Amino acid sequence: MNASSTAGTALLEARGLCLARGGRLLLDDVCLQVRPGRTLGVLGANGAGKSLLLRVLHGLIAADSGDILQSGARVSGARTRTGGTQSMVFQRPVMLRRSVRANLRFALRARGLRGRDRERAIDEALTLCRLHAQADQPARSLSGGEQQRLAIARALVPRPTLLFLDEPTASLDPAATAAVEALIEEARARHVTPVLVTHDVHQARRLADDVIFLCGGRIVDRGRAAQVLDRPRSAAFGDWLAGRLPTDPPRSSERSISRSTC
Amino acid sequence: MTRRPFLALALGACCLGTLSILGSTRASADDTFIVVQSTTSTQNSGLYDHLLPRFTDASGIEVRVVAVGTGQAIKNAANGDGDVLLVHAKSAEEDFVAAGDGVERFDLMYNDFVIVGPDDDPAGIAGGVDAVAALAAIAEAQAPFASRGDDSGTHKAELALWADTGVDVAAASGGWYRETGSGMGATLNVATGSGAYAMTDRATWASFGNKGDHRVLVEGDAALFNQYGVTLVDPERHAGVKARAGQAFVDWLLSEAGQSAIAEFRIDGQRLFFPNAN
Amino acid sequence: MTAFATAFALIASGDADLLEIVLLSLRVSLTAVVLACLVGMPLGAAVGALRFPGRTLLSILLNAAMGLPPVTIGLLVYLLVSASGPLGPLALLYTPTAMIIAQFLLVTPIVAALTRDVAAALHDEYHEEFDSLGLPPGARIVALLVDGRFRLLTVALAGFGRAIAEVGAVLIVGGNINHVTRVMTTTIALETSRGNLELALALGIVLLLISLGINVAVMATGRRGGAMAGTPA
């Protein structure tokens with residue numbers, strides 16, 4: 001896979017991202033591409049740097065070095081993606097102490113929607129997450145699953161091109177998880193490309209088209225989900241998939257795998 | 001929907017705020033009132049409650065009295081924060097005029113100081129008519145004495161008497177001699193609360209509500225004579241002074257009408273102030 | 001205990017002088033608190049939630065300013081509004097306006113410092129979402145203040161408590177002039193200095209009751225909307 005020939009079609013590309021804190025290297029020479037219409041699953045053990053990577057890609061945190069390109073154009077600085085082409089959903093849904101409707105109004109207003117457009121967008125979001133009946137209830141009184149559906153609907157309505165999701169179903173029961181996953185699929189139908197951090201292999205199987213595996217801040221394995229989830233190329237990924245505890249940092253042979261695909 | 005109570009509160013509070021600011025600035029800046037810098041002892045005696053309505057009826061001018069310690073009253077007037085100065089510290093008042101802050105000082109009235117003390121009278125001064133001797137006895141007995149210690153007219157008069165006894169009260173401060181640094185009322189509270197002697201003007205004592213078992217023990221000495229003066233703040237030095245209205249007040253006080261009003265003032269049948277304008 | 005009887009007798013009699021004094025106290029302190037909130041809450045939220053040069057210093061100054069003695073503030077305001085001072089021509093001395101100014105200066109640091117703490121806690125919760133939305137600083141402050149409205153009610157009450165109870169500042173800049181600038185606390189001081197201790201105590205009880213009443217009324221208003229804070233399901 002030659003990076004230069006496919007650079008024009010990548011929605012988002014990261015090159016050589018590095019981030020160190022307190023002397024520890026948290027992200028180590030991370031390179032990846034997000035292709036339009038192909039859900040990217042970001043997997044790894046706890047502390048591997050998945051959530052951190054997501055935040056760097058979305059611009060919430062600035063990397064120490066490396067580049068991020070959006071549709072081929074380099075973006076710089078910690079937070080320059082206010083154009084509304086990206087949205088993010090967090091592990092715990094962030095709702096203001098207001099009604100469901102007021103929360104939607106707030107977020108859409110922040111995205112620049114006004115007047116009737118905004119009211120229409122609110123209705124669309126309520127329909128999407130099927131929370132019309134609870135529109136005037138305090139948002140924080142909804143169940144975890146309902147709040148997360150609301151958060152995703154809220155994130156989708158401004159028509160972003162990328163949707164970042166940081167373990168969105170980690171604290172939800174199976175039924176709620178299924179509802180959230182249905183919304184993520186709905187996102188794809190609306191030409192939104194999800195970048196999904198998950199620790200759930202089965203979820204990755206269900207939702208991801210491409211997968212990367214992080215270990216100690218490095219990408220040690222990657223590929224099409226259908227292939228690499230069944231046949232991991234690195235020992236670390238194999239261990240993790242099998243549910244074995246992580247042992248040592250990736251061996252040098254695995255480093256060569258990640259470098260060749262940058 | 002829950003914003004409504006907040007909005008109501010906030011709106012109500014803002015209206016209140018605006019109204020109050022408008023209300024107060026409207027009332028100022030005309031000649032219908034003057035500010036008199038005076039002392040707490042004069043105020044607490046109740047003299048102004050008796051006197052001022054008569055002046056207002058006669059002239060239509062409202063008098064606002066700021067009652068503070070003598071030193072503060074003179075300083076305020078020297079800053080131009082009053083139209084008339086009415087205190088009882090003759091030499092300080094004369095300095096005030098000499099410095100150009102006052103137009104002219106006039107004798108207005110006098111009252112007298114008395115020495116009060118506990119019923120059991122440890123220094124044995126009851127019934128005396130010699131103030132200096134009484135103070136000397138108190139010092140001798142090291143009986144507790146509460147002084148104002150605030151540079152007021154009363155305090156200066158008290159210190160003058162101590163000077164005549166030859167006792168160094170500064171050295172005794174903190175022991176039997178207690179300086180409260182406060183007004184007359186606060187000092188009397190300390191005196192009655194700790195069984196101490198004190199020197200006070202008769203008017204304040206007459207209207208004081210916390211006498212406990214204290215009573216007047218020494219009075220009538222000429223040395224206890226307390227002269228009040230009235231001075232118009234100089235409008236040439238302080239541009240904001242209401243000269244016309246202030247002068248009207250000074251004139252009235254010194255006139256037949258004012259002087260007899262002062263003489264009429266009584267508490268429990270007792271005459272407290274003696275007019276002596278020339 | 002007779003002070004309680006005196007207090008209730010005073011209230012029941014509808015004494016005109018008492019009413020005048022109470023209304024003036026409320027007018028001065030409520031106005032000061034409202035103004036202090038208008039200035040102090042956005043300021044506190046900014047210090048709590050935003051990053052800007054001098055933020056730490058400002059935060060320290062706010063903490064220190066909470067402990068300013070009222071009598072010192074009174075003196076400073078007096079020097080400003082005195083006839084010989086820079087604001088002399090405005091003729092503010094010995095008016096309720098000067099008292100409002102003094103109490104405003106006293107209360108604003110408290111309101112700002114407490115709002116800062118409320119805003120900082122909320123900002124911890126929300127800042128990633130705000131970053132993701134690209135929310136500008138002004139909008140963040142508004143969102144935090146609205147979201148923290150119940151806690152901020154308590155902050156306002158704390159400010160009000162400080163204002164209605166102080167005597168040093170209003171005594172110096174107001175002059176305790178009868179029917180003009182005499183408020184509850186200065187009346188209590190006056191009656192104490194006159195030795196009328198029972199009356200002073202009774203007035204103190206009246207002041208406490210009024211303060212209690214206001215607290216109850218405000219918290220009841222807040223309680224009705226309290227559900228918005230929600231409980232996690």
# chains A, B, ... in the order shown; residues from 1 in each chain; ligands from 1
call {"tool": "select_by_dssp", "arguments": {"residues": "segment 105-250 of chain A", "states": "helix (DSSP H, G or I)", "output": "JSON, numbers by chain"}}
result
{"A": [105, 106, 107, 108, 109, 110, 115, 116, 117, 118, 119, 120, 121, 122, 123, 124, 125, 126, 127, 128, 129, 132, 133, 134, 139, 140, 141, 144, 145, 146, 147, 148, 149, 150, 151, 152, 153, 154, 155, 156, 174, 175, 176, 177, 178, 179, 180, 181, 182, 183, 184, 185, 186, 187, 188, 189, 201, 202, 203, 204, 205, 206, 207, 225, 226, 227, 228, 235, 236, 237, 238, 239, 240, 241, 242]}
call {"tool": "closest_atom_pairs", "arguments": {"of": "chain C", "to": "chain B", "cutoff": "6 Å", "atoms": "only C-alpha atoms", "output": "JSON lines"}}
result
{"residue": "C:Thr31", "atom": "CA", "partner": "B:Gly17", "partner_atom": "CA", "distance": 4.5}
{"residue": "C:Ala83", "atom": "CA", "partner": "B:Gly80", "partner_atom": "CA", "distance": 5.3}
{"residue": "C:Ser84", "atom": "CA", "partner": "B:Asn79", "partner_atom": "CA", "distance": 5.3}
{"residue": "C:Gly175", "atom": "CA", "partner": "B:Val66", "partner_atom": "CA", "distance": 5.1}
{"residue": "C:Ile177", "atom": "CA", "partner": "B:Val65", "partner_atom": "CA", "distance": 6.0}
{"residue": "C:Ser193", "atom": "CA", "partner": "B:Gly185", "partner_atom": "CA", "distance": 4.1}
{"residue": "C:Arg194", "atom": "CA", "partner": "B:Phe208", "partner_atom": "CA", "distance": 5.3}
{"residue": "C:Gly195", "atom": "CA", "partner": "B:Gly209", "partner_atom": "CA", "distance": 4.3}
{"residue": "C:Asn196", "atom": "CA", "partner": "B:Gly209", "partner_atom": "CA", "distance": 4.8}
{"residue": "C:Gly225", "atom": "CA", "partner": "B:Thr2", "partner_atom": "CA", "distance": 5.1}
call {"tool": "write_last_selection", "arguments": {"atoms": "C-alpha atoms", "output": "short mmCIF file (atom, residue, chain, number, x, y, z; two decimals), in the first residue's frame"}}
result
data_model
loop_
_atom_site.label_atom_id
_atom_site.label_comp_id
_atom_site.auth_asym_id
_atom_site.auth_seq_id
_atom_site.Cartn_x
_atom_site.Cartn_y
_atom_site.Cartn_z
CA THR C 31 -28.69 46.54 44.64
CA ALA C 83 -15.64 66.72 48.36
CA SER C 84 -11.85 66.81 48.22
CA GLY C 175 -22.90 58.96 57.74
CA ILE C 177 -28.03 60.20 58.73
CA SER C 193 -23.76 53.43 71.76
CA ARG C 194 -26.76 54.97 73.41
CA GLY C 195 -26.87 52.11 75.85
CA ASN C 196 -30.23 50.95 74.54
CA GLY C 225 -36.24 24.18 38.92
#
call {"tool": "residues_around", "arguments": {"residues": "segment 105-108 of chain C", "least_positions_apart": "3", "cutoff": "6 Å", "atoms": "only C-alpha atoms", "output": "compact mmCIF listing (two decimals) with C-alpha atoms, in the first residue's frame"}}
result
# COMPACT_ATOMS: atom_id res chain seq x y z
CA ALA C 36 -21.76 42.43 42.20
CA GLY C 40 -18.40 39.19 39.56
CA ALA C 102 -18.97 50.41 49.05
CA VAL C 111 -19.06 36.43 44.30
CA ALA C 112 -16.21 36.19 41.80
CA GLY C 159 -22.77 37.87 48.92
call {"tool": "atom_distance", "arguments": {"atom1": "atom CA of Phe4 of chain C", "atom2": "atom CA of Leu23 of chain C"}}
result
20.9 Å
call {"tool": "residues_around", "arguments": {"residues": "segment 249-265 of chain B", "least_positions_apart": "5", "cutoff": "6 Å", "atoms": "only C-alpha atoms", "output": "PDB file with N, CA and C atoms, in the first residue's frame"}}
result
ATOM      1  N   PHE B 274     -26.723  74.949  77.855  1.00  0.00           N
ATOM      2  CA  PHE B 274     -26.932  76.341  78.256  1.00  0.00           C
ATOM      3  C   PHE B 274     -26.445  77.237  77.127  1.00  0.00           C
ATOM      4  N   PRO B 275     -27.379  77.934  76.448  1.00  0.00           N
ATOM      5  CA  PRO B 275     -26.975  78.796  75.323  1.00  0.00           C
ATOM      6  C   PRO B 275     -26.129  79.951  75.822  1.00  0.00           C
ATOM      7  N   ALA B 277     -24.380  82.225  73.268  1.00  0.00           N
ATOM      8  CA  ALA B 277     -23.883  83.030  72.142  1.00  0.00           C
ATOM      9  C   ALA B 277     -23.877  84.495  72.529  1.00  0.00           C
TER      10      ALA B 277
END
call {"tool": "closest_residue", "arguments": {"among": "C:Ala32, C:Leu209, C:Leu50, C:Ala120", "to": "Ala98 of chain C", "atoms": "only C-alpha atoms"}}
result
C:Ala32
call {"tool": "interface_residues", "arguments": {"of": "chain A", "to": "chain C", "cutoff": "9 Å", "atoms": "only C-alpha atoms", "output": "ChimeraX atom specification"}}
result
/A:58-60,79-84,86-90,94-99,106-107,110-111,137-144
call {"tool": "write_last_selection", "arguments": {"atoms": "N, CA and C atoms", "output": "compact mmCIF listing (two decimals), in the first residue's frame"}}
result
# COMPACT_ATOMS: atom_id res chain seq x y z
N HIS A 58 -8.70 14.66 16.50
CA HIS A 58 -9.83 15.60 16.47
C HIS A 58 -9.37 17.02 16.78
N GLY A 59 -8.15 17.16 17.30
CA GLY A 59 -7.64 18.50 17.55
C GLY A 59 -7.86 19.01 18.96
N LEU A 60 -8.27 18.14 19.88
CA LEU A 60 -8.46 18.61 21.25
C LEU A 60 -7.12 18.76 21.95
N ARG A 79 -6.61 23.19 17.86
CA ARG A 79 -8.05 23.15 17.60
C ARG A 79 -8.37 24.07 16.44
N THR A 80 -8.28 23.51 15.25
CA THR A 80 -8.59 24.36 14.11
C THR A 80 -9.75 23.82 13.32
N ARG A 81 -10.34 22.76 13.82
CA ARG A 81 -11.38 22.13 13.01
C ARG A 81 -12.76 22.57 13.45
N THR A 82 -12.91 23.90 13.51
CA THR A 82 -14.23 24.40 13.92
C THR A 82 -15.16 24.52 12.73
N GLY A 83 -14.72 24.08 11.59
CA GLY A 83 -15.57 24.15 10.40
C GLY A 83 -16.76 23.22 10.49
N GLY A 84 -16.78 22.39 11.52
CA GLY A 84 -17.96 21.54 11.67
C GLY A 84 -17.89 20.30 10.82
N GLN A 86 -16.11 17.80 11.62
CA GLN A 86 -15.85 16.68 12.52
C GLN A 86 -16.74 16.81 13.75
N SER A 87 -17.15 15.69 14.28
CA SER A 87 -17.86 15.69 15.57
C SER A 87 -17.25 14.62 16.44
N MET A 88 -17.47 14.75 17.75
CA MET A 88 -16.95 13.72 18.65
C MET A 88 -17.98 13.36 19.70
N VAL A 89 -18.00 12.07 20.00
CA VAL A 89 -18.88 11.57 21.06
C VAL A 89 -17.97 10.90 22.09
N PHE A 90 -18.19 11.21 23.35
CA PHE A 90 -17.31 10.73 24.41
C PHE A 90 -17.88 9.51 25.11
N VAL A 94 -21.91 13.97 27.33
CA VAL A 94 -21.79 15.26 28.01
C VAL A 94 -23.07 16.05 27.76
N MET A 95 -23.92 16.12 28.78
CA MET A 95 -25.18 16.85 28.65
C MET A 95 -25.20 18.01 29.63
N LEU A 96 -25.67 19.15 29.16
CA LEU A 96 -25.83 20.29 30.06
C LEU A 96 -27.04 20.05 30.96
N ARG A 97 -27.07 20.83 32.04
CA ARG A 97 -28.18 20.69 32.97
C ARG A 97 -29.41 21.41 32.44
N ARG A 98 -29.91 20.87 31.35
CA ARG A 98 -31.09 21.46 30.69
C ARG A 98 -31.90 20.34 30.08
N SER A 99 -32.97 20.73 29.42
CA SER A 99 -33.81 19.71 28.79
C SER A 99 -33.09 19.14 27.56
N PHE A 106 -28.46 24.12 22.06
CA PHE A 106 -27.16 24.67 22.42
C PHE A 106 -26.08 24.20 21.45
N ALA A 107 -26.04 22.88 21.23
CA ALA A 107 -24.98 22.33 20.38
C ALA A 107 -25.12 22.81 18.94
N ALA A 110 -24.06 26.32 18.57
CA ALA A 110 -22.60 26.41 18.55
C ALA A 110 -22.04 26.08 17.18
N ARG A 111 -22.77 25.25 16.43
CA ARG A 111 -22.33 24.88 15.07
C ARG A 111 -22.79 25.89 14.04
N GLN A 137 -37.77 16.84 28.88
CA GLN A 137 -37.28 16.36 30.17
C GLN A 137 -35.84 16.79 30.38
N PRO A 138 -35.40 16.83 31.63
CA PRO A 138 -33.98 17.13 31.84
C PRO A 138 -33.13 16.05 31.17
N ALA A 139 -32.16 16.48 30.39
CA ALA A 139 -31.37 15.51 29.63
C ALA A 139 -30.66 14.53 30.54
N ARG A 140 -30.26 14.99 31.71
CA ARG A 140 -29.48 14.13 32.58
C ARG A 140 -30.33 13.11 33.32
N SER A 141 -31.65 13.23 33.16
CA SER A 141 -32.48 12.23 33.81
C SER A 141 -32.73 11.03 32.90
N LEU A 142 -32.25 11.10 31.67
CA LEU A 142 -32.38 9.96 30.75
C LEU A 142 -31.41 8.86 31.13
N SER A 143 -31.65 7.65 30.65
CA SER A 143 -30.73 6.56 30.93
C SER A 143 -29.44 6.79 30.15
N GLY A 144 -28.41 6.05 30.53
CA GLY A 144 -27.12 6.19 29.86
C GLY A 144 -27.21 5.96 28.37
call {"tool": "select_by_dssp", "arguments": {"residues": "segment 97-244 of chain B", "states": "strand (DSSP E or B)", "output": "ChimeraX atom specification"}}
result
/B:102-118,128,145-147,173,177-179,197-201,214-218,225-233
call {"tool": "write_last_selection", "arguments": {"atoms": "C-alpha atoms", "output": "mmCIF file, in the first residue's frame"}}
result
data_model
loop_
_atom_site.group_PDB
_atom_site.id
_atom_site.type_symbol
_atom_site.label_atom_id
_atom_site.label_comp_id
_atom_site.auth_asym_id
_atom_site.auth_seq_id
_atom_site.Cartn_x
_atom_site.Cartn_y
_atom_site.Cartn_z
ATOM 1 C CA GLY B 102 -13.820 77.830 58.329
ATOM 2 C CA VAL B 103 -15.178 81.323 58.043
ATOM 3 C CA GLU B 104 -15.564 82.255 61.723
ATOM 4 C CA ARG B 105 -16.150 80.387 64.977
ATOM 5 C CA PHE B 106 -18.934 81.431 67.331
ATOM 6 C CA ASP B 107 -19.639 80.318 70.893
ATOM 7 C CA LEU B 108 -22.956 78.532 70.789
ATOM 8 C CA MET B 109 -23.790 76.822 74.088
ATOM 9 C CA TYR B 110 -22.143 74.938 76.911
ATOM 10 C CA ASN B 111 -22.878 71.961 78.980
ATOM 11 C CA ASP B 112 -20.855 70.320 81.624
ATOM 12 C CA PHE B 113 -18.985 67.139 82.183
ATOM 13 C CA VAL B 114 -19.652 64.917 85.135
ATOM 14 C CA ILE B 115 -17.696 62.066 86.660
ATOM 15 C CA VAL B 116 -19.747 58.912 86.960
ATOM 16 C CA GLY B 117 -18.852 55.749 88.779
ATOM 17 C CA PRO B 118 -20.133 52.586 90.480
ATOM 18 C CA GLY B 128 -17.166 66.007 95.499
ATOM 19 C CA PHE B 145 -11.172 54.405 84.814
ATOM 20 C CA ALA B 146 -12.529 54.246 81.250
ATOM 21 C CA SER B 147 -11.272 56.986 78.957
ATOM 22 C CA SER B 173 -2.788 52.684 80.113
ATOM 23 C CA TYR B 177 -6.579 53.395 83.035
ATOM 24 C CA ARG B 178 -8.437 51.951 80.052
ATOM 25 C CA GLU B 179 -8.517 53.741 76.716
ATOM 26 C CA TYR B 197 -15.210 55.473 86.586
ATOM 27 C CA ALA B 198 -15.598 57.691 83.537
ATOM 28 C CA MET B 199 -15.892 61.319 82.607
ATOM 29 C CA THR B 200 -18.853 62.100 80.396
ATOM 30 C CA ASP B 201 -20.903 65.061 79.291
ATOM 31 C CA HIS B 214 -23.505 53.825 88.089
ATOM 32 C CA ARG B 215 -24.460 57.368 89.025
ATOM 33 C CA VAL B 216 -23.123 60.898 88.910
ATOM 34 C CA LEU B 217 -20.525 61.251 91.661
ATOM 35 C CA VAL B 218 -18.782 64.560 90.955
ATOM 36 C CA PHE B 225 -17.317 73.335 81.756
ATOM 37 C CA ASN B 226 -17.708 72.210 78.112
ATOM 38 C CA GLN B 227 -18.027 74.901 75.452
ATOM 39 C CA TYR B 228 -19.630 74.230 72.056
ATOM 40 C CA GLY B 229 -18.860 76.242 68.940
ATOM 41 C CA VAL B 230 -20.398 76.536 65.494
ATOM 42 C CA THR B 231 -18.499 77.397 62.313
ATOM 43 C CA LEU B 232 -19.509 77.752 58.682
ATOM 44 C CA VAL B 233 -17.187 75.820 56.375
#
call {"tool": "atom_distance", "arguments": {"atom1": "atom CA of Ala48 of chain A", "atom2": "atom CA of Gln147 of chain A"}}
result
27.2 Å
call {"tool": "closest_residue", "arguments": {"among": "A:Arg15, A:His202, A:Arg190, A:Arg130", "to": "Gly37 of chain A", "atoms": "only C-alpha atoms"}}
result
A:Arg190
call {"tool": "residues_around", "arguments": {"residues": "Ala5 of chain C", "least_positions_apart": "2", "cutoff": "12 Å", "atoms": "only C-alpha atoms", "output": "list in words"}}
result
Met1, Thr2, Ala3, Ala7, Phe8, Ala9, Leu10, Ile11, Ala12, Ser13, Glu198, Leu199, Leu201, Ala202, Leu203, Ile205 and Val206 of chain C
call {"tool": "closest_residue", "arguments": {"among": "C:Leu145, C:Leu208, C:Leu35, C:Ile214", "to": "Ala49 of chain C", "atoms": "only C-alpha atoms"}}
result
C:Leu145
call {"tool": "residues_around", "arguments": {"residues": "Arg116 of chain C", "least_positions_apart": "5", "cutoff": "9 Å", "atoms": "only C-alpha atoms", "output": "MDAnalysis selection string"}}
result
chainID C and resid 41:49 59 111 121
call {"tool": "atom_distance", "arguments": {"atom1": "atom CA of Val142 of chain C", "atom2": "atom CA of Ala156 of chain C"}}
result
16.7 Å
call {"tool": "closest_residue", "arguments": {"among": "A:Gly238, A:Gly23, A:Gly44, A:Gly145", "to": "Ile219 of chain A", "atoms": "only C-alpha atoms"}}
result
A:Gly44
